[in-house]
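Undergrad: Supplied in structure tokens, the structure appears directly below.
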Amino acid sequence: MTTSNESLQQWVDEVAMLTKPDNIYWCDGSETEYQGLINQMLDSGDLIKLNDNYKNCYLHRSNPTDVARVEHLTFICTPEEEDTGPNNHWMQPTDAHMKMDDLFSGCMQGRTMYVIPYCMGPIDSSYSRCGVEITDSPYVVANMNLMTRMGQPALERIEQEDRFVRGLHSTGELDPERRFIMHFPEELMIQSFGSGYGGNALLGKKCHALRIASSQARTEGWLAEHMLIVEIENPEGEKHYLAAAFPSACGKTNLAMLIPPESHAGWKVRTIGDDIAWLHLDETGQLRAINPEAGYFGVVPGTNENTNPNAYNTIQSDTIFTNVAVTADNEPWWEQKTTGVPTIDWKGNPFTGENGPAAHPNSRFTVSARRNPAYSPLADDPAGVPISAIIFGGRRRTLAPLVYQAKDWNHGVLIGAGVASETTAAATGEVGVVRRDPMAMKPFCGYNFADYWDHWLQFGERSDNLPKIFHVNWFRRDEDGRFLWPGFGENLRVLRWIIDRCENRTEAVETPIGYLPHAEDIDTEGLDMQPSDMETLLGVDSASWRDEMQAIGKYLQGYGSRLPEKLSAEHRKIAELLD
Ligand code: OXD
Ligand code: MN
């Protein structure tokens, strides 16, 4: 297979000249192709077959230095540094190209170069965008097969549209000293060298669908966001679609796959997406969302039949596990799995119980979304789904209430811009420190946050029918470190309040930081909670919030004169209300 598209053919030829592969293989996305790659990786030892309880499941052990995203090695390359912003690392495009050409030069000798045409979003949706990833990693091809709509249909769309994002990837020698993830938004190009980790190597995901797409979306008038999309149906059959942005490893997959608790008979929850949403205004001013992905690349530890039964069921077959442990009879194992005993850890060493954790905290599953028992067929609808509410959230031990609602769109943008969360194992670096993560996009916005907030604010002028904006915090603790809210399936109780607010069915308490629920409007029947827990969860401590607003103000000032005046005004307004 080659292509009738001249610019694609020319780029593939250029890359082959530079990287000097032994073979070039055009991926068609077929099942036979997938199985062939799996067999090849079983032969080479890149994959280990798991036991028959896990049909068609495989374990990949990555290089131990290559287990997470590397934000310090991730760059946005725009001619002007200002356009990249203080939220990103910047490199001058010519310098970056020189550096990367050097790394890629001859790097595929002795290897096969795979050409993967893919489409982010339903093939027939005008909201979808295509890309081509060139890689020398069969692991990447197999993962892209599960995560995207790739192969022949995507190639046909690319040939018609003649526009696609170019992604070049090589695992190189997996040397952390020779590892760079470069983005060239103006060229719609990504170059990634020296890592095989999902977020660095499956270029359709973070690199394309967030960093490049956010920049493309700004030019074209839409939004590319780090958000799950979930469908909630109440017992009367009324459906709502919510989009929620939480930082990495803060429970997006769990919320997207939520199973209603026993107390909520008749409620149904279905998943549209678990990580990324592309949001467009339709001709009526309604914000509609598609999930550009077709699979999940989820955090494994913590997943069990109680915390996330849908995810747990999803990964019982046809799954690639990366960096989990195994039991003596070769079953995958991870922390909080309720069955089995790990004997080999994620690095392939004997596990004694003391040299743990057995699975890497950022070990991952890759699986097609269609395996999810709660999969919504609307994930394939070219028109996307209408969004009722946008929810921001973070992992905060203190301060942030269980839920509150923005007073209007601009206030919601301020709330999004002020999001902070404790860091997790999804990125290399210290875990558990609070950092600002605006809209959960800190690692993923492909341009200056100040311009991004301005872009968000402009939606307020383009439609009077926008979703309501909320903030949630499932992670509030007491002084002893005990979680105050049960979380998981019980989060539906909070989503119900959010939906009732969208439908003007319930009153709220107005506070300086936004609208909060009356305690009696969050149904806590049957929960093992003290009344004082709810008081803490719904309390707004003025002194702490004054400090928080001051910290947010200081953070925003870091964006200098580019910061939209509307956002500063919104900040001043809330700060004054708190005084
Ligand atoms: C992810 C992440 O893998 O956010 O989704 O790191
Ligand atoms: Mn993510």
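Letters A, B, ... go to the chains of the structure tokens in the order shown; residues in each chain start at 1; ligands are counted from 1 in the same order.
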Residues within 6 Å of ligand 1 (only C-alpha atoms and all ligand atoms), as a list in words?
TA: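 Going residue by residue within 6 Å of ligand 1, we get Gly199, Ser248, Asp275 and Ala426 of chain A.
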Undergrad: Mind listing the residues within 10 Å of ligand 2, only C-alpha atoms and all ligand atoms counted, as a list in words?
TA: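 Using only C-alpha atoms and all ligand atoms, everything at most 10 Å from ligand 2 comes to Gly199, Lys205, Lys206, Leu210, Glu225, His226, Met227, Leu228, Ala245, Phe246, Pro247, Ser248, Ala249, Cys250, Gly251, Lys252, Thr253, Asp274, Asp275, Ile276, Tyr296, Phe297, Gly298, Val299, Ala426, Ala440, Met441, Pro443 and Phe444 of chain A.
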Undergrad: With DSSP run on the backbone, what are the strand (DSSP E or B) residues within region 325-479 of chain A? I'd like them as a JSON list (two decimals) with N, CA and C atoms, in the first residue's frame.
TA:
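File produced: out.json:
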[["chain", "number", "residue", "atom", "x", "y", "z"],
["A", 325, "ALA", "N", 2.59, -6.11, 37.47],
["A", 325, "ALA", "CA", 3.27, -7.30, 38.00],
["A", 325, "ALA", "C", 2.54, -8.54, 37.49],
["A", 326, "VAL", "N", 3.11, -9.73, 37.74],
["A", 326, "VAL", "CA", 2.39, -10.97, 37.42],
["A", 326, "VAL", "C", 2.46, -11.94, 38.59],
["A", 327, "THR", "N", 1.47, -12.83, 38.61],
["A", 327, "THR", "CA", 1.42, -13.89, 39.63],
["A", 327, "THR", "C", 2.20, -15.10, 39.12],
["A", 332, "PRO", "N", -1.98, -11.01, 35.29],
["A", 332, "PRO", "CA", -1.52, -9.66, 35.63],
["A", 332, "PRO", "C", -1.95, -9.31, 37.04],
["A", 333, "TRP", "N", -1.15, -8.54, 37.73],
["A", 333, "TRP", "CA", -1.46, -8.14, 39.10],
["A", 333, "TRP", "C", -1.03, -6.69, 39.31],
["A", 342, "PRO", "N", 1.27, -11.37, 43.73],
["A", 342, "PRO", "CA", 2.32, -11.08, 42.74],
["A", 342, "PRO", "C", 3.63, -11.80, 43.09],
["A", 343, "THR", "N", 4.26, -12.38, 42.08],
["A", 343, "THR", "CA", 5.57, -13.01, 42.34],
["A", 343, "THR", "C", 6.67, -12.35, 41.52],
["A", 344, "ILE", "N", 6.29, -11.67, 40.44],
["A", 344, "ILE", "CA", 7.28, -10.95, 39.62],
["A", 344, "ILE", "C", 6.83, -9.50, 39.52],
["A", 350, "PRO", "N", 11.95, -10.86, 40.87],
["A", 350, "PRO", "CA", 11.13, -11.54, 41.88],
["A", 350, "PRO", "C", 10.57, -10.52, 42.87],
["A", 364, "ARG", "N", -0.21, 0.86, 33.02],
["A", 364, "ARG", "CA", -1.34, 1.26, 32.19],
["A", 364, "ARG", "C", -1.99, 0.08, 31.49],
["A", 365, "PHE", "N", -3.27, 0.24, 31.17],
["A", 365, "PHE", "CA", -3.92, -0.69, 30.25],
["A", 365, "PHE", "C", -4.25, 0.06, 28.96],
["A", 366, "THR", "N", -4.12, -0.65, 27.84],
["A", 366, "THR", "CA", -4.59, -0.11, 26.57],
["A", 366, "THR", "C", -5.64, -1.06, 26.05],
["A", 367, "VAL", "N", -6.82, -0.51, 25.75],
["A", 367, "VAL", "CA", -7.93, -1.38, 25.36],
["A", 367, "VAL", "C", -8.91, -0.58, 24.50],
["A", 368, "SER", "N", -9.55, -1.27, 23.58],
["A", 368, "SER", "CA", -10.55, -0.62, 22.74],
["A", 368, "SER", "C", -11.75, -0.19, 23.60],
["A", 375, "TYR", "N", -20.12, 1.37, 27.27],
["A", 375, "TYR", "CA", -19.80, 2.15, 26.06],
["A", 375, "TYR", "C", -21.07, 2.74, 25.46],
["A", 385, "VAL", "N", -22.19, 14.95, 21.12],
["A", 385, "VAL", "CA", -23.29, 15.03, 22.10],
["A", 385, "VAL", "C", -23.36, 16.45, 22.67],
["A", 386, "PRO", "N", -24.58, 16.91, 22.99],
["A", 386, "PRO", "CA", -24.74, 18.27, 23.55],
["A", 386, "PRO", "C", -24.31, 18.29, 25.02],
["A", 389, "ALA", "N", -23.09, 20.51, 31.12],
["A", 389, "ALA", "CA", -22.24, 21.11, 32.16],
["A", 389, "ALA", "C", -20.78, 20.78, 31.91],
["A", 390, "ILE", "N", -19.94, 21.74, 32.25],
["A", 390, "ILE", "CA", -18.49, 21.53, 32.25],
["A", 390, "ILE", "C", -18.06, 21.49, 33.70],
["A", 391, "ILE", "N", -17.29, 20.47, 34.06],
["A", 391, "ILE", "CA", -16.88, 20.31, 35.46],
["A", 391, "ILE", "C", -15.36, 20.34, 35.53],
["A", 392, "PHE", "N", -14.83, 21.22, 36.38],
["A", 392, "PHE", "CA", -13.39, 21.21, 36.65],
["A", 392, "PHE", "C", -13.18, 20.56, 38.01],
["A", 393, "GLY", "N", -11.98, 20.03, 38.22],
["A", 393, "GLY", "CA", -11.71, 19.44, 39.52],
["A", 393, "GLY", "C", -10.24, 19.19, 39.71],
["A", 403, "VAL", "N", -18.50, 20.47, 45.85],
["A", 403, "VAL", "CA", -18.96, 20.98, 44.56],
["A", 403, "VAL", "C", -19.38, 22.44, 44.71],
["A", 404, "TYR", "N", -19.11, 23.24, 43.71],
["A", 404, "TYR", "CA", -19.69, 24.57, 43.63],
["A", 404, "TYR", "C", -19.84, 24.97, 42.17],
["A", 405, "GLN", "N", -20.73, 25.94, 41.95],
["A", 405, "GLN", "CA", -21.07, 26.33, 40.59],
["A", 405, "GLN", "C", -20.62, 27.75, 40.31],
["A", 420, "ALA", "N", -6.06, 23.76, 40.86],
["A", 420, "ALA", "CA", -4.79, 23.28, 41.37],
["A", 420, "ALA", "C", -5.01, 21.85, 41.83],
["A", 421, "SER", "N", -3.95, 21.07, 41.83],
["A", 421, "SER", "CA", -4.10, 19.67, 42.18],
["A", 421, "SER", "C", -2.78, 19.11, 42.67],
["A", 422, "GLU", "N", -2.87, 18.04, 43.48],
["A", 422, "GLU", "CA", -1.64, 17.36, 43.90],
["A", 422, "GLU", "C", -1.13, 16.53, 42.73],
["A", 427, "ALA", "N", 3.21, 11.74, 35.51],
["A", 427, "ALA", "CA", 4.35, 12.45, 34.93],
["A", 427, "ALA", "C", 5.55, 12.24, 35.84],
["A", 434, "VAL", "N", 1.06, 20.31, 45.54],
["A", 434, "VAL", "CA", -0.02, 21.05, 44.88],
["A", 434, "VAL", "C", 0.59, 21.98, 43.84],
["A", 435, "ARG", "N", 0.09, 21.90, 42.62],
["A", 435, "ARG", "CA", 0.52, 22.86, 41.60],
["A", 435, "ARG", "C", -0.70, 23.32, 40.81],
["A", 436, "ARG", "N", -0.59, 24.51, 40.23],
["A", 436, "ARG", "CA", -1.67, 25.02, 39.37],
["A", 436, "ARG", "C", -1.73, 24.17, 38.12],
["A", 468, "LYS", "N", -23.34, 25.20, 31.88],
["A", 468, "LYS", "CA", -23.00, 25.77, 33.19],
["A", 468, "LYS", "C", -21.66, 25.17, 33.61],
["A", 469, "ILE", "N", -20.90, 25.93, 34.41],
["A", 469, "ILE", "CA", -19.56, 25.46, 34.81],
["A", 469, "ILE", "C", -19.53, 25.18, 36.32],
["A", 470, "PHE", "N", -18.92, 24.07, 36.69],
["A", 470, "PHE", "CA", -18.85, 23.63, 38.10],
["A", 470, "PHE", "C", -17.41, 23.26, 38.46],
["A", 471, "HIS", "N", -17.16, 23.18, 39.77],
["A", 471, "HIS", "CA", -15.88, 22.65, 40.27],
["A", 471, "HIS", "C", -16.20, 21.58, 41.30],
["A", 472, "VAL", "N", -15.52, 20.44, 41.22],
["A", 472, "VAL", "CA", -15.72, 19.39, 42.23],
["A", 472, "VAL", "C", -14.39, 18.99, 42.86],
["A", 477, "ARG", "N", -9.97, 15.67, 52.77],
["A", 477, "ARG", "CA", -9.67, 14.78, 53.90],
["A", 477, "ARG", "C", -9.82, 15.52, 55.22]]
Undergrad: Find the residues near Lys347 (chain A): any atom within 8 Å, counting only C-alpha atoms, skip ones fewer than 5 places away on the same chain, and give them as a ChimeraX atom specification.
TA: /A:61-62,64,323,325
Undergrad: What's around Ala142 (chain A) at 9 Å? Count only C-alpha atoms, leave out sequence neighbours fewer than 4 positions away in its own chain, and write the answer as a list in words.
TA: Glu33, Tyr34, Gln35, Leu37, Ile38, Ser137, Pro138, Leu146, Met147 and Ile320 of chain A
Undergrad: Using only C-alpha atoms, pick whichever of A:Val141, A:Tyr114, A:Cys130, A:Val67 has the shortest atom-to-atom distance to Pro176 (chain A).
TA: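 When distances to Pro176 (chain A) are compared using only C-alpha atoms, the smallest one comes from A:Val67.
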Undergrad: Within 10 Å of His280 (chain A), counting only C-alpha atoms, which residues qualify if same-chain residues fewer than 6 places away don't, as a VMD selection string?
TA: chain A and resid 127 217 220 to 224 286 to 290 383 to 384 386
